[in-house]
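Structure below is coords_2.txt: compact mmCIF, C-alpha atoms.
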# COMPACT_ATOMS: atom_id res chain seq x y z
CA MET K 1071 -21.66 14.65 15.19
CA ASP K 1072 -21.62 12.46 12.07
CA PRO K 1073 -17.96 11.96 11.04
CA LEU K 1074 -18.93 11.11 7.45
CA LEU K 1075 -21.38 13.89 6.74
CA GLU K 1076 -19.07 16.89 7.00
CA PRO K 1077 -16.40 15.67 4.54
CA LEU K 1078 -19.17 14.42 2.25
CA ARG K 1079 -20.92 17.79 2.39
CA GLU K 1080 -17.67 19.55 1.50
CA ALA K 1081 -17.10 17.20 -1.44
CA LEU K 1082 -20.59 17.70 -2.88
CA GLU K 1083 -21.15 21.42 -2.35
CA PRO K 1084 -22.28 23.60 -4.04
CA GLN K 1085 -24.07 21.21 -6.46
CA TYR K 1086 -25.77 19.25 -3.66
CA GLU K 1087 -27.24 20.22 -0.33
CA ALA K 1088 -27.34 17.75 2.57
CA VAL K 1089 -30.78 16.91 3.97
CA ARG K 1090 -30.55 13.97 6.37
CA LEU K 1091 -29.25 10.50 7.11
CA VAL K 1092 -31.36 7.80 5.51
CA GLY K 1093 -29.74 4.69 6.99
CA SER K 1094 -26.57 2.70 7.40
CA GLY K 1095 -25.49 -0.91 7.18
CA ALA K 1096 -22.60 -3.22 6.43
CA MET K 1097 -22.46 -2.11 2.81
CA GLY K 1098 -22.31 1.61 3.56
CA THR K 1099 -24.17 4.67 4.78
CA VAL K 1100 -26.87 6.46 2.77
CA TYR K 1101 -27.72 10.17 2.97
CA LEU K 1102 -30.47 12.19 1.35
CA PHE K 1103 -29.18 15.21 -0.56
CA HIS K 1104 -30.89 17.80 -2.74
CA GLU K 1105 -29.44 18.35 -6.21
CA ILE K 1106 -29.82 22.08 -6.66
CA ALA K 1107 -29.53 22.42 -10.46
CA ALA K 1108 -31.99 19.62 -11.22
CA ASP K 1109 -34.16 20.43 -8.18
CA ARG K 1110 -34.51 16.80 -7.20
CA PRO K 1111 -33.70 14.58 -4.22
CA VAL K 1112 -30.79 12.15 -4.61
CA ALA K 1113 -29.38 9.40 -2.45
CA VAL K 1114 -25.65 9.43 -1.72
CA LYS K 1115 -24.12 6.16 -0.58
CA VAL K 1116 -20.77 6.29 1.21
CA LEU K 1117 -18.93 2.99 1.01
CA PRO K 1118 -17.02 1.48 3.94
CA GLY K 1119 -13.79 3.28 4.85
CA GLU K 1120 -11.48 0.35 4.19
CA LEU K 1121 -12.03 0.83 0.44
CA ALA K 1122 -10.64 4.36 0.58
CA ALA K 1123 -7.66 3.29 2.68
CA SER K 1124 -5.73 1.73 -0.21
CA GLU K 1125 -5.01 2.53 -3.85
CA GLU K 1126 -6.15 -0.96 -4.77
CA GLY K 1127 -9.50 -0.33 -3.13
CA LYS K 1128 -9.91 2.99 -4.91
CA GLU K 1129 -9.04 1.46 -8.27
CA ARG K 1130 -11.54 -1.34 -7.77
CA PHE K 1131 -14.14 1.27 -6.85
CA ARG K 1132 -13.49 3.31 -10.00
CA ARG K 1133 -13.67 0.24 -12.23
CA GLU K 1134 -16.83 -1.14 -10.64
CA ALA K 1135 -18.54 2.25 -10.49
CA LYS K 1136 -18.02 2.91 -14.19
CA VAL K 1137 -19.49 -0.43 -15.20
CA THR K 1138 -22.43 -0.13 -12.83
CA ALA K 1139 -23.16 3.47 -13.84
CA ASN K 1140 -23.76 2.30 -17.43
CA LEU K 1141 -26.74 0.13 -16.47
CA ARG K 1142 -29.96 1.56 -17.89
CA HIS K 1143 -33.13 -0.26 -16.90
CA PRO K 1144 -36.45 0.97 -15.45
CA ASN K 1145 -36.14 -1.47 -12.54
CA ILE K 1146 -32.54 -0.66 -11.63
CA VAL K 1147 -31.87 2.36 -9.45
CA PRO K 1148 -29.66 4.53 -11.69
CA ILE K 1149 -26.33 5.97 -10.60
CA PHE K 1150 -25.87 9.61 -11.59
CA ALA K 1151 -22.29 10.14 -10.46
CA PHE K 1152 -19.52 8.73 -8.32
CA GLY K 1153 -16.62 10.38 -6.61
CA GLU K 1154 -13.88 10.19 -4.04
CA THR K 1155 -12.01 12.23 -1.50
CA PRO K 1156 -8.85 11.23 0.39
CA ASP K 1157 -11.10 9.53 2.96
CA LEU K 1158 -14.39 8.74 1.19
CA LEU K 1159 -15.77 6.83 -1.79
CA TYR K 1160 -19.38 7.50 -2.74
CA TYR K 1161 -22.17 7.05 -5.31
CA VAL K 1162 -24.85 9.62 -6.17
CA MET K 1163 -27.99 7.78 -7.27
CA GLN K 1164 -31.71 8.22 -7.71
CA TYR K 1165 -33.62 8.61 -4.48
CA VAL K 1166 -36.56 6.20 -4.48
CA GLU K 1167 -39.28 7.21 -2.06
CA GLY K 1168 -40.87 4.08 -0.72
CA GLU K 1169 -39.90 1.04 1.30
CA SER K 1170 -37.72 -1.98 0.78
CA LEU K 1171 -39.26 -5.37 0.11
CA GLY K 1172 -37.85 -6.42 3.49
CA GLU K 1173 -39.71 -3.62 5.24
CA ARG K 1174 -42.90 -4.55 3.42
CA ILE K 1175 -42.60 -8.20 4.46
CA ASP K 1176 -42.00 -7.10 8.06
CA ARG K 1177 -45.07 -4.85 7.90
CA GLU K 1178 -47.53 -7.03 5.96
CA GLY K 1179 -46.21 -10.55 6.35
CA PRO K 1180 -46.18 -12.98 3.40
CA LEU K 1181 -47.21 -11.47 0.06
CA SER K 1182 -49.72 -12.91 -2.39
CA PRO K 1183 -48.47 -15.31 -5.09
CA ASP K 1184 -49.47 -12.80 -7.77
CA GLU K 1185 -47.39 -10.05 -6.13
CA VAL K 1186 -44.36 -12.31 -5.67
CA THR K 1187 -44.66 -13.35 -9.33
CA ARG K 1188 -44.79 -9.70 -10.41
CA ILE K 1189 -41.70 -8.79 -8.39
CA MET K 1190 -39.76 -11.79 -9.72
CA VAL K 1191 -40.68 -10.92 -13.31
CA VAL K 1192 -39.37 -7.36 -13.17
CA ILE K 1193 -36.29 -8.17 -11.09
CA SER K 1194 -35.32 -11.06 -13.38
CA ASP K 1195 -35.70 -8.69 -16.34
CA ALA K 1196 -33.39 -6.22 -14.59
CA LEU K 1197 -30.90 -9.02 -13.96
CA ALA K 1198 -31.03 -10.05 -17.63
CA HIS K 1199 -29.99 -6.52 -18.59
CA ALA K 1200 -27.20 -6.39 -16.02
CA HIS K 1201 -25.84 -9.81 -16.90
CA GLU K 1202 -25.74 -8.85 -20.57
CA GLN K 1203 -23.44 -5.98 -19.52
CA GLY K 1204 -21.27 -8.37 -17.56
CA VAL K 1205 -22.46 -7.13 -14.15
CA ILE K 1206 -23.35 -9.60 -11.39
CA HIS K 1207 -25.26 -8.21 -8.41
CA ARG K 1208 -23.98 -10.69 -5.77
CA ASP K 1209 -26.18 -9.35 -2.97
CA ILE K 1210 -29.84 -9.69 -3.94
CA LYS K 1211 -32.04 -9.66 -0.86
CA PRO K 1212 -35.30 -8.00 0.26
CA GLY K 1213 -33.35 -5.02 1.60
CA ASN K 1214 -31.92 -4.30 -1.86
CA ILE K 1215 -35.28 -4.32 -3.65
CA VAL K 1216 -37.07 -1.01 -3.17
CA ILE K 1217 -40.82 -0.71 -3.79
CA GLU K 1218 -41.56 2.78 -5.09
CA GLY K 1219 -44.35 4.30 -3.02
CA ARG K 1220 -46.53 5.90 -5.69
CA SER K 1221 -46.21 3.38 -8.53
CA GLY K 1222 -45.47 0.18 -6.59
CA ARG K 1223 -42.59 -0.43 -9.01
CA PRO K 1224 -39.89 -2.77 -7.64
CA MET K 1225 -36.37 -1.45 -8.20
CA LEU K 1226 -33.05 -3.21 -7.64
CA THR K 1227 -30.23 -1.28 -6.01
CA ASP K 1228 -26.63 -1.77 -4.82
CA PHE K 1229 -25.32 -3.43 -7.98
CA GLY K 1230 -21.76 -4.66 -7.71
CA ILE K 1231 -21.16 -3.34 -4.21
CA ALA K 1232 -20.82 -6.80 -2.68
CA HIS K 1233 -18.09 -7.61 -5.19
CA LEU K 1234 -16.45 -4.23 -4.72
CA ILE K 1235 -16.23 -4.61 -0.95
CA GLY K 1236 -15.38 -8.30 -1.03
CA GLY K 1237 -12.08 -10.10 -1.14
CA THR K 1238 -10.84 -13.63 -1.56
CA GLN K 1239 -9.17 -14.18 1.78
CA PRO K 1240 -10.95 -16.47 4.27
CA LEU K 1241 -11.43 -14.83 7.64
CA ALA K 1242 -14.07 -15.86 10.16
CA SER K 1243 -13.79 -14.83 13.76
CA GLY K 1244 -14.69 -17.62 16.16
CA LEU K 1245 -14.40 -20.46 13.64
CA SER K 1246 -11.67 -23.08 13.44
CA SER K 1247 -9.15 -22.99 10.60
CA ALA K 1248 -10.94 -25.95 8.98
CA GLN K 1249 -14.23 -24.08 9.11
CA GLN K 1250 -12.61 -20.92 7.80
CA ARG K 1251 -11.57 -22.69 4.62
CA HIS K 1252 -15.26 -23.02 3.75
CA LEU K 1253 -15.98 -19.31 4.07
CA ARG K 1254 -15.27 -16.40 1.78
CA LEU K 1255 -15.27 -13.25 3.88
CA THR K 1256 -13.94 -9.73 3.73
CA GLY K 1257 -11.17 -8.36 5.87
CA THR K 1258 -13.74 -7.14 8.36
CA GLY K 1259 -15.22 -10.62 8.79
CA MET K 1260 -18.36 -9.75 6.83
CA ALA K 1261 -19.59 -12.29 4.30
CA ILE K 1262 -19.67 -11.24 0.66
CA GLY K 1263 -23.38 -10.89 0.17
CA SER K 1264 -25.80 -11.62 2.98
CA PRO K 1265 -25.22 -15.20 4.21
CA PHE K 1266 -28.89 -16.21 4.35
CA TYR K 1267 -29.39 -15.22 0.70
CA MET K 1268 -26.05 -15.97 -0.93
CA ALA K 1269 -25.48 -19.05 -3.06
CA PRO K 1270 -23.52 -21.96 -1.60
CA GLU K 1271 -20.61 -21.34 -3.99
CA GLN K 1272 -20.19 -17.80 -2.61
CA ALA K 1273 -19.10 -19.31 0.70
CA THR K 1274 -16.07 -21.11 -0.73
CA VAL K 1275 -12.65 -19.65 -1.29
CA SER K 1276 -11.92 -21.22 -4.66
CA ALA K 1277 -15.37 -21.01 -6.22
CA ASP K 1278 -15.88 -19.25 -9.53
CA VAL K 1279 -19.03 -17.28 -8.79
CA ASP K 1280 -21.05 -16.33 -11.87
CA PHE K 1281 -24.46 -14.83 -12.64
CA ARG K 1282 -26.28 -17.94 -11.39
CA ALA K 1283 -25.49 -16.86 -7.83
CA ASP K 1284 -27.98 -14.04 -8.44
CA PHE K 1285 -30.68 -16.59 -9.27
CA TYR K 1286 -30.13 -18.39 -5.96
CA ALA K 1287 -30.46 -15.12 -4.04
CA LEU K 1288 -33.56 -14.16 -6.04
CA GLY K 1289 -35.12 -17.53 -5.25
CA THR K 1290 -34.36 -17.11 -1.55
CA THR K 1291 -35.86 -13.62 -1.60
CA ALA K 1292 -39.00 -14.86 -3.36
CA TYR K 1293 -39.31 -17.79 -0.95
CA GLU K 1294 -39.22 -15.40 1.99
CA ALA K 1295 -41.67 -12.98 0.38
CA LEU K 1296 -44.11 -15.82 -0.30
CA THR K 1297 -43.81 -17.79 2.95
CA GLY K 1298 -42.65 -15.21 5.48
CA THR K 1299 -39.58 -17.27 6.37
CA LEU K 1300 -36.24 -18.28 4.85
CA PRO K 1301 -35.59 -21.70 3.29
CA TYR K 1302 -32.58 -22.18 5.58
CA ILE K 1303 -32.23 -20.86 9.13
CA ALA K 1304 -29.20 -21.52 11.32
CA ASN K 1305 -27.48 -20.09 14.39
CA SER K 1306 -24.00 -20.00 12.83
CA LEU K 1307 -22.39 -19.60 9.44
CA GLU K 1308 -21.04 -23.12 9.64
CA ASP K 1309 -24.51 -24.63 10.19
CA LEU K 1310 -25.99 -22.42 7.48
CA ILE K 1311 -23.40 -23.50 4.93
CA GLU K 1312 -23.93 -27.17 5.79
CA LYS K 1313 -27.68 -26.86 5.44
CA LYS K 1314 -27.39 -25.15 2.06
CA ALA K 1315 -24.94 -27.79 0.86
CA GLY K 1316 -27.46 -30.47 1.87
CA GLY K 1317 -30.19 -28.79 -0.15
CA LYS K 1318 -33.03 -29.89 2.14
CA TYR K 1319 -35.69 -27.29 2.91
CA THR K 1320 -39.47 -27.20 3.22
CA PRO K 1321 -40.98 -27.04 -0.31
CA VAL K 1322 -42.78 -23.85 -1.29
CA GLN K 1323 -46.24 -25.39 -1.59
CA ALA K 1324 -45.92 -27.11 1.79
CA ARG K 1325 -45.77 -23.61 3.29
CA ARG K 1326 -48.08 -21.90 0.77
CA PRO K 1327 -50.57 -24.40 -0.69
CA ASP K 1328 -52.20 -21.57 -2.67
CA ALA K 1329 -49.00 -20.86 -4.61
CA PRO K 1330 -49.23 -21.88 -8.29
CA GLN K 1331 -47.07 -24.87 -9.08
CA ARG K 1332 -45.19 -22.98 -11.79
CA LEU K 1333 -44.15 -20.24 -9.34
CA ALA K 1334 -43.06 -22.87 -6.80
CA LEU K 1335 -40.99 -24.70 -9.41
CA VAL K 1336 -39.31 -21.48 -10.56
CA ILE K 1337 -38.30 -20.63 -7.00
CA GLU K 1338 -37.11 -24.15 -6.24
CA LYS K 1339 -35.02 -24.32 -9.41
CA CYS K 1340 -33.39 -21.03 -8.35
CA LEU K 1341 -32.56 -22.69 -5.03
CA SER K 1342 -30.70 -25.62 -6.59
CA THR K 1343 -27.51 -26.27 -4.62
CA ALA K 1344 -25.40 -26.70 -7.77
CA ALA K 1345 -25.20 -23.66 -10.05
CA LYS K 1346 -25.49 -25.89 -13.15
CA ASP K 1347 -28.97 -26.98 -12.02
CA ARG K 1348 -30.33 -23.43 -11.89
CA TRP K 1349 -31.74 -21.40 -14.75
CA ALA K 1350 -29.48 -20.85 -17.76
CA ASN K 1351 -30.25 -17.12 -17.82
CA ALA K 1352 -32.56 -14.55 -16.29
CA ASP K 1353 -34.74 -14.36 -19.40
CA GLU K 1354 -35.79 -17.97 -18.81
CA ILE K 1355 -37.06 -17.03 -15.35
CA ARG K 1356 -38.95 -14.03 -16.69
CA LYS K 1357 -40.57 -15.95 -19.54
CA GLU K 1358 -41.61 -18.83 -17.30
CA LEU K 1359 -43.22 -16.47 -14.82
CA GLU K 1360 -44.83 -14.33 -17.51
CA SER K 1361 -46.62 -17.43 -18.79
CA GLU K 1362 -47.96 -17.88 -15.25
CA THR K 1363 -48.98 -14.21 -15.13
CA SER K 1364 -50.84 -14.56 -18.44
CA ARG K 1365 -52.64 -17.64 -17.17
CA LEU K 1366 -53.83 -15.76 -14.10
CA GLU K 1367 -54.54 -12.48 -15.92
CA GLY K 1368 -57.76 -10.88 -14.78
CA GLY K 1369 -57.26 -11.41 -11.05
CA GLY K 1370 -59.00 -13.73 -8.63
CA THR K 1371 -62.36 -13.69 -10.40
CA GLY K 1372 -60.73 -14.86 -13.61
CA ARG K 1373 -59.18 -17.78 -11.79
CA ARG K 1374 -62.51 -18.81 -10.30
CA GLU K 1375 -64.29 -18.57 -13.68
CA ARG K 1376 -61.58 -20.63 -15.30
CA GLY K 1377 -61.95 -23.20 -12.52
CA VAL K 1378 -65.73 -23.49 -13.08
CA TYR K 1379 -65.26 -24.04 -16.82
CA PHE K 1380 -62.55 -26.59 -16.15
CA TRP K 1381 -64.77 -28.70 -13.88
CA LEU K 1382 -67.77 -28.37 -16.22
CA ASN K 1383 -65.60 -29.73 -19.02
CA VAL K 1384 -64.49 -32.58 -16.76
CA ILE K 1385 -68.11 -33.50 -15.98
CA VAL K 1386 -69.17 -33.35 -19.63
CA ALA K 1387 -66.18 -35.46 -20.68
CA HIS K 1388 -66.98 -37.97 -17.93
CA LEU K 1389 -70.61 -38.29 -19.04
CA VAL K 1390 -69.62 -38.73 -22.68
CA VAL K 1391 -67.02 -41.40 -21.94
CA VAL K 1392 -69.07 -43.34 -19.39
CA GLY K 1393 -72.20 -43.03 -21.52
CA GLY K 1394 -70.30 -44.42 -24.48
CA VAL K 1395 -69.00 -47.36 -22.45
CA ILE K 1396 -72.51 -48.18 -21.16
CA THR K 1397 -73.97 -47.96 -24.69
CA ILE K 1398 -71.30 -50.30 -26.07
CA ALA K 1399 -71.90 -52.76 -23.22
CA ASP K 1400 -75.68 -52.68 -23.71
CA LYS K 1401 -76.05 -52.52 -27.50
CA LEU K 1402 -72.98 -54.23 -28.89
CA LEU K 1403 -71.99 -56.69 -26.17
CA ASN K 1404 -75.57 -57.42 -25.07
CA LEU K 1405 -74.67 -57.01 -21.43
CA PRO K 1406 -77.68 -56.24 -19.22
CA VAL K 1407 -77.26 -52.68 -17.87
CA SER K 1408 -80.20 -51.41 -15.84
CA SER K 1409 -80.91 -47.72 -15.27
CA SER K 1410 -79.94 -47.95 -11.61
CA LEU K 1411 -76.63 -49.64 -12.51
CA ALA K 1412 -75.93 -47.03 -15.19
CA TRP K 1413 -76.43 -44.18 -12.71
CA THR K 1414 -74.27 -45.97 -10.15
CA ILE K 1415 -71.46 -46.20 -12.70
CA VAL K 1416 -71.88 -42.55 -13.72
CA LEU K 1417 -71.95 -41.12 -10.20
CA GLY K 1418 -69.48 -43.57 -8.68
CA GLY K 1419 -66.89 -42.95 -11.38
CA LEU K 1420 -67.11 -39.14 -11.27
CA PRO K 1421 -64.78 -38.71 -8.24
CA ILE K 1422 -62.18 -40.92 -9.93
CA THR K 1423 -62.39 -38.93 -13.18
CA SER K 1424 -62.16 -35.66 -11.23
CA LEU K 1425 -59.08 -36.80 -9.35
CA ILE K 1426 -57.33 -37.88 -12.55
CA ALA K 1427 -58.20 -34.56 -14.25
CA TRP K 1428 -56.95 -32.55 -11.25
CA ARG K 1429 -53.64 -34.41 -11.14
CA LEU K 1430 -53.12 -33.95 -14.87
CA SER K 1431 -53.86 -30.22 -14.63
CA ARG K 1432 -51.39 -29.83 -11.75
CA SER K 1433 -48.63 -31.67 -13.61
CA ARG K 1434 -49.04 -29.38 -16.62
CA ALA K 1435 -49.32 -26.13 -14.63
Could you render the structure as structure tokens?
Amino acid sequence: MDPLLEPLREALEPQYEAVRLVGSGAMGTVYLFHEIAADRPVAVKVLPGELAASEEGKERFRREAKVTANLRHPNIVPIFAFGETPDLLYYVMQYVEGESLGERIDREGPLSPDEVTRIMVVISDALAHAHEQGVIHRDIKPGNIVIEGRSGRPMLTDFGIAHLIGGTQPLASGLSSAQQRHLRLTGTGMAIGSPFYMAPEQATVSADVDFRADFYALGTTAYEALTGTLPYIANSLEDLIEKKAGGKYTPVQARRPDAPQRLALVIEKCLSTAAKDRWANADEIRKELESETSRLEGGGTGRRERGVYFWLNVIVAHLVVVGGVITIADKLLNLPVSSSLAWTIVLGGLPITSLIAWRLSRSRA
């Protein structure tokens, strides 16, 4: 018998009717309920029991819940209500029928660059709204981005929960006291945020974590969605923290050569070890990626047509320039230029011109 469901059912009746367990994890347990008056499904998230065990925990929950409940954005899962019992703290939020980005990556493997760009655009826009309200997510990861089944709309969930559950005391089972000083963990030994996605500064006791930690986690999420793997993989928290501090990982385009350079640069700037080297705000990320989206608008065919026109222009420019040089050499400088030599110069120089044009186009992408 589920020890959480019965007290939760009693707290929510008669307005809500329990349906089933959806899932559980370190950040809480989620149930599907039916809201009778509105005739709609809702998700109810019960937070870990240690929050309800102290008045301090309850007060933090009330404060965080009120701030988070005021977020209004089409790509943020809205919170309808929050409540508490002597033993439980819970949110009532929109039930999104679909799958998480993590489940989609597990099912399909790496996503297309266009799809990763689209997800980053809408999630960065959601973050811009939240940050304007003073709310930092602190736990962005594929499991907290839900892809709505019918519309394909990405939606961000679990705002503020990592901060709500977290603490400032270092505690890491199995690590030395020196190693523990480099970790910021909750009383249960769980890292604030998911270690593979969290920014390096989230792992230190004294760090002042701000909204730029969300950009690091978004970049890690996008890297995984695009390449099918994480930028940093380690067998222990200590090794993971050291690798992130070193800032050495396989570049995006080394794993996905078909990724546009602009998308790769956006992700890699998000993954900067120092917060000051990341984006100044979420709107910058959105605008940079929207310019990439506009450039690729029209799908794959559009990209191919644009490529054909690009290379035709390169060839025409090459003929004009080389033809002009040959004419000057022949007419003005009176240098003997035979037809065979002219064609050799034209054809032999074309690969060089093409290479220069390609490099210039890549550097401006």
I'd like the neighbourhood of region 1115-1117 of chain K as a tab-separated table (two decimals) with C-alpha atoms, keeping the file's coordinate frame, where a residue qualifies if any of its atoms comes within 8 Å (using only C-alpha atoms), though same-chain residues fewer than 2 positions away should be ignored.
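Generated file (result_17.tsv):
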chain	number	residue	atom	x	y	z
K	1097	MET	CA	-22.46	-2.11	2.81
K	1098	GLY	CA	-22.31	1.61	3.56
K	1099	THR	CA	-24.17	4.67	4.78
K	1100	VAL	CA	-26.87	6.46	2.77
K	1101	TYR	CA	-27.72	10.17	2.97
K	1113	ALA	CA	-29.38	9.40	-2.45
K	1119	GLY	CA	-13.79	3.28	4.85
K	1121	LEU	CA	-12.03	0.83	0.44
K	1158	LEU	CA	-14.39	8.74	1.19
K	1159	LEU	CA	-15.77	6.83	-1.79
K	1160	TYR	CA	-19.38	7.50	-2.74
K	1161	TYR	CA	-22.17	7.05	-5.31
K	1162	VAL	CA	-24.85	9.62	-6.17
K	1163	MET	CA	-27.99	7.78	-7.27
Subject >> Selected residue, from K:Ile1355, K:Leu1402, K:Leu1197, K:Met1268, that lies nearest to Arg1332 (chain K) when counting only C-alpha atoms >> reply: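 Among the listed residues, K:Ile1355 lies closest to Arg1332 (chain K).
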Original post:
From the set K:Ala1344, K:Leu1420, K:Leu1082, K:Leu1333, which residue has the shortest atom-to-atom contact distance to Glu1360 (chain K), counting all atoms listed in the file?
Top reply: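 Selected residue with least distance to Glu1360 (chain K): K:Leu1333.
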Original post:
From the list K:Leu1296, K:Ala1352, K:Leu1102, K:Ile1311, which residue is nearest Pro1330 (chain K) when using all atoms listed in the file?
Top reply: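 Closest to Pro1330 (chain K) of all the choices is K:Leu1296.
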**OP:** Would you mind reading off the distance between CA of Ser1170 (chain K) and CA of Pro1212 (chain K), one decimal, in Å?
**Re:**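 Going from CA of Ser1170 (chain K) over to CA of Pro1212 (chain K), I get 6.5 Å.
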**OP:** List the neighbours of region 1315-1322 of chain K out to 8 Å using all atoms listed in the file; skip same-chain residues closer than 2 positions along the sequence, and give me the result as a PyMOL selection string.
**Re:** chain K and resi 1270+1293+1297+1301-1302+1311-1313+1324-1327+1329+1334+1337-1338+1342-1343
Subject >> Option closest in space to Val1112 (chain K), from K:Gln1164, K:Ser1306, K:Thr1397, K:Gln1323 [counting all atoms listed in the file] >> reply: K:Gln1164
